[in-house]
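Source file: final_26.json (JSON, C-alpha atoms)
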```json
[["chain", "number", "residue", "atom", "x", "y", "z"],
["J", 28, "MET", "CA", 28.71, 359.51, 32.22],
["J", 29, "THR", "CA", 28.62, 363.27, 32.74],
["J", 30, "PHE", "CA", 30.73, 365.09, 35.31],
["J", 31, "HIS", "CA", 30.29, 368.66, 36.52],
["J", 32, "VAL", "CA", 32.99, 370.81, 38.12],
["J", 33, "ALA", "CA", 32.22, 373.69, 40.47],
["J", 34, "ALA", "CA", 33.39, 375.51, 43.57],
["J", 35, "PRO", "CA", 31.33, 374.38, 46.58],
["J", 36, "GLU", "CA", 29.38, 376.72, 48.77],
["J", 37, "VAL", "CA", 30.62, 377.29, 52.33],
["J", 38, "ASP", "CA", 27.81, 375.14, 53.71],
["J", 39, "ALA", "CA", 29.08, 372.21, 51.61],
["J", 40, "LEU", "CA", 32.53, 372.09, 53.28],
["J", 41, "ASP", "CA", 31.46, 369.28, 55.59],
["J", 42, "GLU", "CA", 30.35, 367.22, 52.59],
["J", 43, "VAL", "CA", 33.72, 367.74, 50.87],
["J", 44, "LEU", "CA", 35.65, 366.83, 54.02],
["J", 45, "ASP", "CA", 33.54, 363.71, 54.54],
["J", 46, "ALA", "CA", 34.21, 362.58, 50.97],
["J", 47, "LEU", "CA", 37.96, 363.13, 51.30],
["J", 48, "ALA", "CA", 37.99, 361.24, 54.60],
["J", 49, "LEU", "CA", 36.21, 358.23, 53.10],
["J", 50, "TRP", "CA", 38.76, 358.09, 50.26],
["J", 51, "GLN", "CA", 41.80, 357.74, 52.56],
["J", 52, "ASP", "CA", 43.14, 354.20, 52.46],
["J", 53, "ASP", "CA", 46.28, 352.63, 53.93],
["J", 54, "ASP", "CA", 46.68, 350.52, 50.79],
["J", 55, "GLY", "CA", 46.13, 353.40, 48.39],
["J", 56, "ALA", "CA", 48.31, 356.20, 47.07],
["J", 57, "PHE", "CA", 48.74, 359.45, 48.95],
["J", 58, "GLN", "CA", 46.21, 362.01, 47.84],
["J", 59, "LEU", "CA", 44.55, 365.19, 49.08],
["J", 60, "HIS", "CA", 43.54, 364.65, 52.71],
["J", 61, "PRO", "CA", 40.87, 366.43, 54.76],
["J", 62, "GLY", "CA", 43.77, 367.74, 56.85],
["J", 63, "ASP", "CA", 45.14, 369.59, 53.83],
["J", 64, "VAL", "CA", 41.82, 371.40, 53.57],
["J", 65, "GLY", "CA", 41.80, 371.87, 57.34],
["J", 66, "TRP", "CA", 45.22, 373.56, 57.29],
["J", 67, "PHE", "CA", 44.05, 375.78, 54.42],
["J", 68, "GLY", "CA", 41.14, 376.71, 56.71],
["J", 69, "ARG", "CA", 43.44, 379.22, 58.42],
["J", 70, "PHE", "CA", 42.32, 381.59, 55.65],
["J", 71, "GLY", "CA", 38.69, 381.25, 56.72],
["J", 72, "PRO", "CA", 35.68, 379.29, 55.44],
["J", 73, "ALA", "CA", 34.85, 381.55, 52.50],
["J", 74, "ALA", "CA", 38.41, 381.45, 51.14],
["J", 75, "THR", "CA", 38.56, 377.68, 51.69],
["J", 76, "ALA", "CA", 35.38, 377.06, 49.74],
["J", 77, "ALA", "CA", 36.59, 379.36, 46.97],
["J", 78, "ALA", "CA", 39.84, 377.35, 46.72],
["J", 79, "LEU", "CA", 38.06, 374.03, 46.28],
["J", 80, "ARG", "CA", 36.73, 372.41, 43.12],
["J", 81, "THR", "CA", 34.50, 369.37, 43.14],
["J", 82, "TRP", "CA", 33.62, 367.05, 40.29],
["J", 83, "ARG", "CA", 30.25, 365.36, 40.69],
["J", 84, "SER", "CA", 28.48, 362.50, 38.99],
["J", 85, "GLY", "CA", 24.90, 363.37, 39.77],
["J", 86, "PRO", "CA", 24.85, 364.35, 43.44],
["J", 87, "ARG", "CA", 27.95, 362.35, 44.36],
["J", 88, "ILE", "CA", 31.39, 363.96, 44.69],
["J", 89, "VAL", "CA", 33.93, 361.83, 42.76],
["J", 90, "ALA", "CA", 36.98, 364.13, 42.70],
["J", 91, "VAL", "CA", 38.20, 367.16, 44.64],
["J", 92, "ALA", "CA", 40.91, 369.72, 43.96],
["J", 93, "LEU", "CA", 42.38, 372.23, 46.39],
["J", 94, "LEU", "CA", 43.88, 375.30, 44.71],
["J", 95, "ASP", "CA", 46.78, 375.49, 47.14],
["J", 96, "GLY", "CA", 48.30, 378.67, 45.74],
["J", 97, "PRO", "CA", 47.80, 380.68, 42.57],
["J", 98, "ALA", "CA", 49.16, 377.99, 40.22],
["J", 99, "LEU", "CA", 48.93, 374.66, 42.11],
["J", 100, "ALA", "CA", 46.03, 372.21, 42.30],
["J", 101, "ARG", "CA", 46.13, 369.18, 44.60],
["J", 102, "LEU", "CA", 43.75, 366.38, 43.70],
["J", 103, "ALA", "CA", 41.95, 363.39, 45.18],
["J", 104, "PHE", "CA", 39.66, 360.85, 43.55],
["J", 105, "ALA", "CA", 37.05, 358.47, 44.87],
["J", 106, "PRO", "CA", 38.83, 355.09, 44.83],
["J", 107, "ASP", "CA", 36.33, 353.57, 42.39],
["J", 108, "HIS", "CA", 37.01, 356.44, 39.96],
["J", 109, "LEU", "CA", 40.83, 356.42, 39.92],
["J", 110, "ALA", "CA", 40.78, 354.55, 36.60],
["J", 111, "ASP", "CA", 37.58, 356.08, 35.22],
["J", 112, "GLU", "CA", 38.43, 357.14, 31.66],
["J", 113, "ALA", "CA", 35.60, 359.64, 31.35],
["J", 114, "LEU", "CA", 36.52, 361.35, 34.62],
["J", 115, "ALA", "CA", 40.23, 361.43, 33.75],
["J", 116, "ASP", "CA", 39.39, 362.99, 30.39],
["J", 117, "ARG", "CA", 37.12, 365.57, 32.00],
["J", 118, "VAL", "CA", 39.61, 366.56, 34.71],
["J", 119, "ALA", "CA", 42.42, 366.79, 32.13],
["J", 120, "ARG", "CA", 40.30, 369.15, 30.03],
["J", 121, "ASP", "CA", 39.28, 371.21, 33.04],
["J", 122, "VAL", "CA", 42.83, 371.74, 34.32],
["J", 123, "ALA", "CA", 44.00, 372.61, 30.80],
["J", 124, "ASP", "CA", 41.43, 375.31, 30.08],
["J", 125, "PRO", "CA", 41.59, 378.45, 32.28],
["J", 126, "VAL", "CA", 37.98, 379.22, 31.38],
["J", 127, "ARG", "CA", 36.93, 376.15, 33.41],
["J", 128, "GLY", "CA", 38.06, 377.91, 36.59],
["J", 129, "VAL", "CA", 40.50, 375.32, 37.94],
["J", 130, "LEU", "CA", 43.99, 376.51, 36.95],
["J", 131, "PRO", "CA", 45.01, 379.80, 35.32],
["J", 132, "ALA", "CA", 46.90, 380.29, 32.07],
["J", 133, "GLY", "CA", 50.69, 380.08, 32.10],
["J", 134, "GLU", "CA", 52.94, 377.77, 34.08],
["J", 135, "VAL", "CA", 50.93, 375.65, 36.50],
["J", 136, "PHE", "CA", 51.46, 372.60, 38.72],
["J", 137, "LEU", "CA", 49.33, 369.62, 39.63],
["J", 138, "ASP", "CA", 49.61, 367.08, 42.44],
["J", 139, "ALA", "CA", 47.52, 363.96, 41.77],
["J", 140, "PRO", "CA", 47.58, 360.41, 43.19],
["J", 141, "PHE", "CA", 50.16, 358.47, 41.20],
["J", 142, "ASP", "CA", 47.81, 355.54, 40.58],
["J", 143, "SER", "CA", 45.16, 357.66, 38.87],
["J", 144, "LEU", "CA", 44.52, 357.43, 35.14],
["J", 145, "LEU", "CA", 44.81, 361.21, 35.03],
["J", 146, "HIS", "CA", 48.60, 360.89, 34.84],
["J", 147, "GLU", "CA", 48.33, 359.16, 31.47],
["J", 148, "ARG", "CA", 46.15, 361.96, 30.16],
["J", 149, "LEU", "CA", 48.56, 364.60, 31.46],
["J", 150, "THR", "CA", 51.48, 362.90, 29.71],
["J", 151, "GLU", "CA", 49.51, 362.77, 26.48],
["J", 152, "ASP", "CA", 48.79, 366.49, 26.87],
["J", 153, "GLY", "CA", 52.48, 367.37, 27.30],
["J", 154, "TRP", "CA", 52.67, 367.87, 31.07],
["J", 155, "ALA", "CA", 56.20, 367.30, 32.41],
["J", 156, "PHE", "CA", 57.23, 365.74, 35.70],
["J", 157, "ASP", "CA", 58.40, 368.28, 38.26],
["J", 158, "GLU", "CA", 59.52, 368.36, 41.91],
["J", 159, "ALA", "CA", 60.20, 365.04, 43.63],
["J", 160, "TRP", "CA", 58.41, 364.35, 46.90],
["J", 161, "SER", "CA", 59.14, 361.77, 49.59],
["J", 162, "PRO", "CA", 56.03, 360.22, 51.12],
["J", 163, "LEU", "CA", 56.54, 358.71, 54.56],
["J", 164, "ARG", "CA", 54.26, 356.51, 56.61],
["J", 165, "ARG", "CA", 54.11, 354.88, 60.03],
["J", 166, "ASP", "CA", 51.65, 352.18, 61.04],
["J", 167, "LEU", "CA", 49.90, 353.07, 64.30],
["J", 168, "GLY", "CA", 48.76, 349.57, 65.17],
["J", 169, "GLU", "CA", 51.39, 349.48, 67.92],
["J", 170, "PRO", "CA", 51.93, 352.10, 70.65],
["J", 171, "VAL", "CA", 54.23, 355.00, 69.78],
["J", 172, "GLU", "CA", 57.31, 355.69, 71.91],
["J", 173, "ARG", "CA", 57.05, 358.53, 74.39],
["J", 174, "PRO", "CA", 58.80, 361.70, 73.19],
["J", 175, "ASP", "CA", 61.84, 362.95, 75.08],
["J", 176, "ALA", "CA", 60.28, 366.36, 75.71],
["J", 177, "ARG", "CA", 57.39, 367.93, 77.55],
["J", 178, "ILE", "CA", 54.39, 368.10, 75.23],
["J", 179, "GLU", "CA", 51.41, 370.41, 75.50],
["J", 180, "VAL", "CA", 48.15, 370.32, 73.55],
["J", 181, "VAL", "CA", 47.36, 373.75, 72.15],
["J", 182, "GLY", "CA", 44.14, 375.46, 73.14],
["J", 183, "PRO", "CA", 43.15, 379.09, 72.69],
["J", 184, "GLU", "CA", 45.27, 380.15, 75.66],
["J", 185, "ARG", "CA", 48.48, 378.79, 74.03],
["J", 186, "ALA", "CA", 47.65, 379.61, 70.42],
["J", 187, "GLU", "CA", 50.01, 382.58, 70.36],
["J", 188, "VAL", "CA", 52.93, 380.28, 71.23],
["J", 189, "ARG", "CA", 51.87, 377.97, 68.40],
["J", 190, "VAL", "CA", 51.88, 380.94, 66.00],
["J", 191, "THR", "CA", 55.32, 382.08, 67.15],
["J", 192, "LEU", "CA", 56.74, 378.60, 66.58],
["J", 193, "GLN", "CA", 55.24, 378.39, 63.10],
["J", 194, "ARG", "CA", 56.74, 381.70, 62.07],
["J", 195, "GLY", "CA", 60.08, 380.80, 63.64],
["J", 196, "SER", "CA", 60.14, 377.43, 61.84],
["J", 197, "PHE", "CA", 59.19, 378.58, 58.35],
["J", 198, "GLY", "CA", 60.82, 381.73, 57.01],
["J", 199, "ASN", "CA", 57.98, 382.61, 54.65],
["J", 200, "SER", "CA", 55.15, 381.89, 57.08],
["J", 201, "THR", "CA", 52.29, 384.38, 57.32],
["J", 202, "PHE", "CA", 50.57, 382.49, 60.17],
["J", 203, "THR", "CA", 48.79, 384.72, 62.68],
["J", 204, "LEU", "CA", 46.69, 384.31, 65.79],
["J", 205, "GLU", "CA", 43.61, 385.15, 63.73],
["J", 206, "ALA", "CA", 44.60, 382.42, 61.26],
["J", 207, "TRP", "CA", 44.93, 379.85, 64.06],
["J", 208, "ARG", "CA", 41.51, 380.82, 65.38],
["J", 209, "ALA", "CA", 39.97, 380.49, 61.91],
["J", 210, "MET", "CA", 41.59, 377.06, 61.46],
["J", 211, "ALA", "CA", 40.52, 375.86, 64.90],
["J", 212, "ALA", "CA", 36.95, 377.00, 64.24],
["J", 213, "GLY", "CA", 36.81, 375.05, 60.97],
["J", 214, "PRO", "CA", 35.01, 371.71, 60.63],
["J", 215, "ALA", "CA", 38.19, 369.68, 60.00],
["J", 216, "TYR", "CA", 39.77, 370.74, 63.30],
["J", 217, "ALA", "CA", 37.26, 368.69, 65.29],
["J", 218, "ARG", "CA", 39.52, 365.73, 64.40],
["J", 219, "ALA", "CA", 42.87, 367.54, 64.73],
["J", 220, "ARG", "CA", 45.42, 368.45, 67.37],
["J", 221, "CYS", "CA", 48.11, 371.13, 67.64],
["J", 222, "LEU", "CA", 50.98, 370.18, 69.93],
["J", 223, "ILE", "CA", 53.97, 372.08, 71.31],
["J", 224, "ALA", "CA", 57.27, 370.58, 72.49],
["J", 225, "TYR", "CA", 59.32, 372.20, 75.28],
["J", 226, "ASP", "CA", 63.00, 371.78, 76.13],
["J", 227, "ASP", "CA", 64.43, 371.18, 79.61],
["J", 228, "ARG", "CA", 64.42, 374.93, 80.26],
["J", 229, "ASP", "CA", 60.71, 374.96, 79.42],
["J", 230, "ASP", "CA", 61.22, 376.98, 76.24],
["J", 231, "ALA", "CA", 58.81, 376.19, 73.41],
["J", 232, "VAL", "CA", 60.96, 374.66, 70.66],
["J", 233, "GLY", "CA", 58.76, 372.88, 68.12],
["J", 234, "ALA", "CA", 55.17, 372.35, 67.04],
["J", 235, "ILE", "CA", 53.06, 370.01, 64.98],
["J", 236, "THR", "CA", 49.49, 369.85, 63.74],
["J", 237, "VAL", "CA", 47.98, 366.44, 62.99],
["J", 238, "TRP", "CA", 44.68, 365.62, 61.29],
["J", 239, "SER", "CA", 42.59, 362.49, 61.60],
["J", 240, "ALA", "CA", 40.35, 361.27, 58.78],
["J", 241, "GLY", "CA", 38.40, 359.13, 61.23],
["J", 242, "ALA", "CA", 38.96, 355.85, 63.00],
["J", 243, "GLY", "CA", 40.71, 353.20, 60.92],
["J", 244, "ARG", "CA", 41.96, 355.62, 58.27],
["J", 245, "PRO", "CA", 45.34, 357.30, 57.67],
["J", 246, "GLY", "CA", 45.99, 360.55, 59.50],
["J", 247, "LEU", "CA", 48.12, 363.43, 58.26],
["J", 248, "ILE", "CA", 50.95, 365.58, 59.62],
["J", 249, "GLU", "CA", 50.51, 369.12, 58.31],
["J", 250, "PRO", "CA", 52.71, 370.90, 59.32],
["J", 251, "MET", "CA", 55.63, 370.13, 61.68],
["J", 252, "GLY", "CA", 58.45, 372.52, 62.46],
["J", 253, "VAL", "CA", 61.24, 373.30, 64.91],
["J", 254, "HIS", "CA", 62.10, 376.91, 65.67],
["J", 255, "ARG", "CA", 65.28, 377.93, 63.84],
["J", 256, "LEU", "CA", 66.98, 378.80, 67.16],
["J", 257, "HIS", "CA", 66.48, 375.27, 68.52],
["J", 258, "ARG", "CA", 67.41, 372.96, 65.66],
["J", 259, "GLY", "CA", 69.86, 370.10, 65.88],
["J", 260, "HIS", "CA", 68.78, 368.77, 69.28],
["J", 261, "GLY", "CA", 66.22, 366.12, 68.31],
["J", 262, "TYR", "CA", 63.14, 368.23, 68.98],
["J", 263, "GLY", "CA", 61.73, 367.50, 65.52],
["J", 264, "SER", "CA", 61.72, 363.78, 66.28],
["J", 265, "ALA", "CA", 60.20, 364.42, 69.71],
["J", 266, "VAL", "CA", 57.33, 366.55, 68.47],
["J", 267, "THR", "CA", 56.72, 364.14, 65.56],
["J", 268, "LEU", "CA", 56.42, 361.25, 68.03],
["J", 269, "ALA", "CA", 53.95, 363.35, 70.01],
["J", 270, "GLY", "CA", 51.92, 363.92, 66.86],
["J", 271, "LEU", "CA", 51.97, 360.21, 66.00],
["J", 272, "GLY", "CA", 50.74, 359.43, 69.50],
["J", 273, "ALA", "CA", 47.93, 361.95, 69.16],
["J", 274, "LEU", "CA", 46.83, 360.40, 65.85],
["J", 275, "GLY", "CA", 46.83, 356.99, 67.51],
["J", 276, "ASP", "CA", 44.62, 358.38, 70.27],
["J", 277, "LEU", "CA", 42.28, 359.76, 67.60],
["J", 278, "GLY", "CA", 41.95, 356.28, 66.08],
["J", 279, "SER", "CA", 44.08, 356.76, 62.98],
["J", 280, "SER", "CA", 45.39, 353.54, 61.45],
["J", 281, "SER", "CA", 48.60, 355.17, 60.26],
["J", 282, "ALA", "CA", 50.29, 358.53, 59.95],
["J", 283, "ARG", "CA", 51.32, 360.06, 56.64],
["J", 284, "VAL", "CA", 53.37, 363.01, 55.53],
["J", 285, "ALA", "CA", 54.98, 364.08, 52.27],
["J", 286, "THR", "CA", 57.94, 366.44, 52.08],
["J", 287, "PRO", "CA", 60.10, 367.61, 49.17],
["J", 288, "SER", "CA", 62.90, 365.09, 48.64],
["J", 289, "SER", "CA", 65.30, 368.03, 48.55],
["J", 290, "ASN", "CA", 64.46, 368.74, 52.22],
["J", 291, "VAL", "CA", 66.82, 366.10, 53.53],
["J", 292, "ALA", "CA", 66.61, 367.38, 57.11],
["J", 293, "ALA", "CA", 62.83, 366.91, 57.21],
["J", 294, "VAL", "CA", 63.09, 363.43, 55.71],
["J", 295, "ALA", "CA", 65.72, 362.50, 58.31],
["J", 296, "THR", "CA", 63.52, 363.82, 61.13],
["J", 297, "TYR", "CA", 60.55, 361.73, 60.08],
["J", 298, "LEU", "CA", 62.74, 358.65, 59.68],
["J", 299, "SER", "CA", 64.11, 359.19, 63.19],
["J", 300, "ALA", "CA", 60.52, 359.09, 64.48],
["J", 301, "GLY", "CA", 60.04, 355.63, 62.99],
["J", 302, "MET", "CA", 58.33, 356.61, 59.75],
["J", 303, "ARG", "CA", 59.11, 354.61, 56.63],
["J", 304, "ARG", "CA", 60.07, 356.27, 53.38],
["J", 305, "LEU", "CA", 57.98, 355.19, 50.40],
["J", 306, "PRO", "CA", 58.81, 355.51, 46.67],
["J", 307, "GLU", "CA", 59.13, 359.08, 45.44],
["J", 308, "THR", "CA", 56.30, 360.81, 43.64],
["J", 309, "ARG", "CA", 56.44, 363.86, 41.41],
["J", 310, "ASP", "CA", 54.25, 366.85, 40.72],
["J", 311, "ARG", "CA", 53.24, 367.57, 37.15],
["J", 312, "ARG", "CA", 54.05, 370.85, 35.42],
["J", 313, "ARG", "CA", 52.60, 372.56, 32.37],
["J", 314, "ALA", "CA", 54.89, 375.16, 30.87],
["J", 315, "GLY", "CA", 53.52, 378.63, 30.32]]
```
Write out the structure in this file as structure tokens.
Amino acid sequence: MTFHVAAPEVDALDEVLDALALWQDDDGAFQLHPGDVGWFGRFGPAATAAALRTWRSGPRIVAVALLDGPALARLAFAPDHLADEALADRVARDVADPVRGVLPAGEVFLDAPFDSLLHERLTEDGWAFDEAWSPLRRDLGEPVERPDARIEVVGPERAEVRVTLQRGSFGNSTFTLEAWRAMAAGPAYARARCLIAYDDRDDAVGAITVWSAGAGRPGLIEPMGVHRLHRGHGYGSAVTLAGLGALGDLGSSSARVATPSSNVAAVATYLSAGMRRLPETRDRRRAG
């Protein structure tokens, strides 16, 4: 079987998102979600398409990578190709050779579903294990508790507040109003929600963006943050509960998030919102 890797055209973004959505499975490993691509959409459709790589067997997409930074690729596979030897071999060759246009030369990182055969090929090729991540999940078959905060759904008129919260929650954030508008105009955002939590003085204190992959499939939290001036009061749990409720309203079967295991505060916040910690996973690293 022959596989071909390429960057999709902008008009193929819907096709890529649809494929990623179909591959999300409550019983399967965490892997690249359409919400990850949706959050990247803050850079605009052309940049998003340029950051994607698709592997096809004939016309069908069987694997997708998002180049989520200059040296990091995040991967997803069609479930019936997770153990496909020919595809694993091809992807391993493509990520190893800078000429193939997936990852550059030097030190690079790869995030792939842990149950894919690709991990065996990476080990054979000398890739090391790197940063530990904590996946967390909550089943949404039952109603989610009401958050102990006023919650507002973000529309264009409140987007500037959402931007301020993002920048106040993440020290290295470059989020802008233009970025929010680009994200909200993207195809993935049709199944997403941005929410803001307010304290009892009606100050905006935290925000979350959640992404559905369609009814009956796992949804994604990406990202959630509490402004640095308002931490330690339970607002992270409150806004996470609001996001879980929104995903339930969108028909998601469960909610997922993955955070570095070293970020103990984030892990604790998600646990406090009723999410369950799953076994750690690790990125793969190729030395330069």
Notebook entry, point to check: Between J:Pro35, J:Gly85, J:Met28, J:Phe67, which is the closest to Ala115 of chain J once you count only C-alpha atoms?
Noted result: J:Met28
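What separates atom CA of Glu172 of chain J from atom CA of Arg185 of chain J is a distance of 24.8 Å.
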Quick one: contact table of segment 73-154 of chain J to segment 303-309 of chain J, 12 Å max, nearest atom pair and distance in Å to one decimal per residue, counting all atoms listed in the file, chain and number order, as a tab-separated table?
```
residue	atom	partner	partner_atom	distance
J:Phe136	CA	J:Arg309	CA	10.4
J:Leu137	CA	J:Arg309	CA	9.3
J:Asp138	CA	J:Arg309	CA	7.6
J:Ala139	CA	J:Arg309	CA	8.9
J:Pro140	CA	J:Thr308	CA	8.7
J:Phe141	CA	J:Thr308	CA	7.0
J:Asp142	CA	J:Thr308	CA	10.5
J:His146	CA	J:Arg309	CA	10.7
J:Trp154	CA	J:Arg309	CA	11.7
```
Next item on the list: Counting only C-alpha atoms, find the residues whose atoms lie at most 12 Å from (42.8, 360.2, 39.2) (file coordinates) and write them out as number ranges by chain.
Entry: J: 50, 55-59, 82, 89-92, 101-119, 137-149
Next item on the list: Skip segment 209-217 of chain J itself and residues of its chain fewer than 5 positions away, then list as a PyMOL selection string all residues within 6 Å of it, counting only C-alpha atoms.
Entry: chain J and resi 65+68-69+71
Item checked: Arg189 of chain J surroundings by all atoms listed in the file, 9 Å radius, close-in-sequence under 5 positions cut, as a PyMOL selection string -> chain J and resi 181+194+204+207+221-223+231+233-235
Check: Of the candidates J:Leu192, J:Leu40, J:Ser288, J:Ala269, which shows the shortest atom-to-atom distance to Leu256 of chain J, using only C-alpha atoms?
Finding: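 Once distances to Leu256 of chain J are computed over only C-alpha atoms, the minimum belongs to J:Leu192.
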Check: What lies within 9 Å of Met251 of chain J using all atoms listed in the file, ignoring chain neighbours under 5 positions off, as a PyMOL selection string?
Finding: chain J and resi 193+196+233-237+263+266-267+270
Item checked: One-decimal distance in Å that lies between atom CA of Asp121 of chain J and atom CA of Leu93 of chain J -> 13.7 Å
Margin query: With distances taken over all atoms listed in the file, which residue among J:Glu184, J:Asp54, J:Asp38, J:Asp276 lies nearest Trp238 of chain J?
Written below: J:Asp276
Note to self: Counting all atoms listed in the file, which residue out of J:Val129, J:Val291, J:Val37, J:Val284 sits closest to Leu99 of chain J?
What the structure shows: J:Val129
Within 9 Å of Arg83 of chain J, counting all atoms listed in the file, which residues qualify if same-chain residues fewer than 5 places away don't, as an mmCIF file with C-alpha atoms, in the frame of the given file?
```
data_model
loop_
_atom_site.group_PDB
_atom_site.id
_atom_site.type_symbol
_atom_site.label_atom_id
_atom_site.label_comp_id
_atom_site.auth_asym_id
_atom_site.auth_seq_id
_atom_site.Cartn_x
_atom_site.Cartn_y
_atom_site.Cartn_z
ATOM 1 C CA THR J 29 28.620 363.270 32.740
ATOM 2 C CA PHE J 30 30.730 365.090 35.310
ATOM 3 C CA HIS J 31 30.290 368.660 36.520
ATOM 4 C CA VAL J 32 32.990 370.810 38.120
ATOM 5 C CA ALA J 33 32.220 373.690 40.470
ATOM 6 C CA ILE J 88 31.390 363.960 44.690
ATOM 7 C CA VAL J 89 33.930 361.830 42.760
ATOM 8 C CA ALA J 90 36.980 364.130 42.700
#
```
Next item on the list: Work out how far atom CA of Ala39 of chain J is from atom CA of Pro125 of chain J, in Å to one decimal.
Entry: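 Here the two named atoms are 23.9 Å from each other.
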Next item on the list: Considering all atoms listed in the file, state which residue in the set J:Ala34, J:Leu247, J:Ala240, J:Leu274 is at the smallest distance from Ala74 of chain J.
Entry: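 That would be J:Ala34, the residue with the smallest distance to Ala74 of chain J.
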